[in-house]
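Since the structure comes first, as structure tokens, the remarks are kept for the end.
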Amino acid sequence: MRGDDDWDDDEQEGFPPIIVFDLGAREWRCGWAGDDGPAVVVDPPSADTPLRAAFASAFEELEAEVDEHAILISERPGTQVGEREALASLLFELGARAVYASACPLLTLYHTEMDTGIVVDIGERSTYIYPIYEGHSVLGAATAVFI
């Protein structure tokens, strides 16, 4: 069993380091779980760069082999199930050991060791307000303001 003081030692007990992907519209921030910030920033997929190539670029920048790591995806709230399934399917095709996707506001709240609260996400062109109750997004109550 892993104790709190062992949490940052990802290699202990056979747990490989976890790779975190924050899939933004303008950039993908990628790095290692437990680090203070992203290790690399790569361009997201576009008409010229398919999804598979974008992930390959990220793994290359991280100097990581996909089949040696579990993947945590931070996704925007309201992501459709089909999108999530396609993304997970691609990562498993590439050889990922495990894939977990979660809405960014929920991960933000969990980081504060809370499971109920309000997360305000202020972006370049929009602001979102997400109420979360006992670890579940209250999607009907989420509010967006576009600039």
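Each chain in the structure tokens gets a letter, A, B and so on, in the order shown; residues start at 1 in every chain, and ligands are counted from 1 in the order they appear.
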### Query
Could you write out, as a PyMOL selection string, all the residues of chain A that DSSP marks as helix (DSSP H, G or I)?
chain A and resi 4-6+12-14+51-62+66-68+81-94+104-111+139-141
Near segment 124-147 of chain A, 10 Å: segment 7-103 of chain A residue rows, closest pairs, only C-alpha atoms, as a Markdown table:
| residue | atom | partner | partner_atom | distance |
| --- | --- | --- | --- | --- |
| A:Pro77 | CA | A:Leu139 | CA | 8.2 |
| A:Gly78 | CA | A:Leu139 | CA | 7.8 |
| A:Ala103 | CA | A:Ser137 | CA | 8.6 |
Selected residues, N, CA, C and O atoms, written as a PDB file, in the first residue's frame, please.
ATOM      1  N   PRO A  77     -15.673  20.226 -19.847  1.00  0.00           N
ATOM      2  CA  PRO A  77     -16.970  19.704 -19.426  1.00  0.00           C
ATOM      3  C   PRO A  77     -17.924  19.613 -20.619  1.00  0.00           C
ATOM      4  O   PRO A  77     -17.858  20.423 -21.541  1.00  0.00           O
ATOM      5  N   GLY A  78     -18.758  18.616 -20.598  1.00  0.00           N
ATOM      6  CA  GLY A  78     -19.719  18.450 -21.682  1.00  0.00           C
ATOM      7  C   GLY A  78     -19.175  17.673 -22.865  1.00  0.00           C
ATOM      8  O   GLY A  78     -19.835  17.564 -23.894  1.00  0.00           O
ATOM      9  N   ALA A 103     -13.322  15.830 -16.284  1.00  0.00           N
ATOM     10  CA  ALA A 103     -13.521  17.249 -16.573  1.00  0.00           C
ATOM     11  C   ALA A 103     -12.535  18.076 -15.754  1.00  0.00           C
ATOM     12  O   ALA A 103     -12.325  17.817 -14.567  1.00  0.00           O
TER      13      ALA A 103
END
### Who sits within 12 Å of Ala39 of chain A, only C-alpha atoms, same chain under 6 positions skipped, as a PyMOL selection string
chain A and resi 19-22+28-33+58-64
### Query
Nearest to Pro45 of chain A among A:Glu65, A:Tyr110, A:Ala86, A:Leu23, with distances taken over only C-alpha atoms: which residue is it?
A:Leu23
### Query
Which of these residues is nearest to Ala98 of chain A, using only C-alpha atoms: A:Ile71, A:Thr116, A:Pro50, A:Arg26?
A:Ile71
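Pairwise distance (atom CA of Glu75 of chain A, atom CA of Leu51 of chain A) equals 14.8 Å.
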### All residues 8 Å or closer to Glu68 of chain A, only C-alpha atoms, same chain fewer than 4 positions away omitted, as a list in words
Pro16, Ala64, Ala96 and Arg97 of chain A
Would you put the residues from that selection into a file with N, CA and C atoms, as a compact mmCIF listing (two decimals), in the first residue's frame?
# COMPACT_ATOMS: atom_id res chain seq x y z
N PRO A 16 4.00 3.00 -12.96
CA PRO A 16 4.79 3.87 -13.83
C PRO A 16 4.35 5.32 -13.66
N ALA A 64 8.86 9.96 -23.91
CA ALA A 64 8.17 8.88 -23.22
C ALA A 64 7.62 7.87 -24.22
N ALA A 96 -1.29 2.57 -24.70
CA ALA A 96 -1.40 3.08 -23.33
C ALA A 96 -1.82 1.95 -22.39
N ARG A 97 -1.26 1.96 -21.19
CA ARG A 97 -1.57 0.93 -20.19
C ARG A 97 -2.93 1.16 -19.54
### Task
May I ask which of the residues A:Ala88, A:Met114, A:Ala101, A:Val120 is the closest one to Arg76 of chain A, counting only C-alpha atoms?
A:Ala101
### Task
Please measure the separation of atom CA of Cys104 of chain A and atom CA of Glu27 of chain A, giving the value in Å to one decimal.
14.8 Å
#### Entry: strand (DSSP E) residues, from DSSP on the backbone, in chain A, as JSON, numbers by chain
{"A": [18, 19, 20, 21, 22, 23, 28, 29, 30, 31, 32, 40, 41, 42, 70, 71, 72, 73, 74, 75, 98, 99, 100, 101, 102, 103, 117, 118, 119, 120, 121, 122, 126, 127, 128, 129, 130, 131, 132, 133, 136, 137, 143, 144, 145, 146]}
### Query
How many Å lie between atom CA of Ser89 of chain A and atom CA of His111 of chain A, rounded to one decimal?
27.0 Å
### Message
Give me, as a list in words, all polymer residues having an atom no more than 9 Å from segment 92-95 of chain A, counting only C-alpha atoms and skipping those fewer than 4 positions away in the same chain.
### Response
Arg52, Ala56, Glu65, Val66, Asp67, Glu68, His69, Leu87, Ala88 and Val99 of chain A
Could you save the residues just selected, with N, CA and C atoms, as a compact mmCIF listing (two decimals), in the first residue's frame?
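File written: result21.txt
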# COMPACT_ATOMS: atom_id res chain seq x y z
N ARG A 52 -3.72 11.36 -34.12
CA ARG A 52 -2.64 10.40 -33.87
C ARG A 52 -1.28 11.10 -33.92
N ALA A 56 1.55 11.59 -31.00
CA ALA A 56 2.92 11.14 -31.25
C ALA A 56 3.92 12.26 -30.96
N GLU A 65 7.57 6.63 -23.80
CA GLU A 65 6.94 5.58 -24.59
C GLU A 65 5.52 5.38 -24.07
N VAL A 66 4.56 5.46 -24.95
CA VAL A 66 3.16 5.40 -24.52
C VAL A 66 2.83 4.10 -23.80
N ASP A 67 3.45 3.00 -24.20
CA ASP A 67 3.11 1.71 -23.61
C ASP A 67 3.69 1.50 -22.20
N GLU A 68 4.41 2.49 -21.70
CA GLU A 68 4.98 2.39 -20.36
C GLU A 68 4.24 3.23 -19.32
N HIS A 69 3.13 3.87 -19.72
CA HIS A 69 2.50 4.83 -18.83
C HIS A 69 0.98 4.74 -18.86
N LEU A 87 -11.13 8.90 -28.31
CA LEU A 87 -9.83 9.29 -27.77
C LEU A 87 -9.20 8.13 -26.99
N ALA A 88 -9.98 7.49 -26.14
CA ALA A 88 -9.48 6.35 -25.36
C ALA A 88 -9.08 5.21 -26.29
N VAL A 99 -6.18 4.53 -19.33
CA VAL A 99 -6.62 5.87 -19.72
C VAL A 99 -7.76 6.27 -18.80
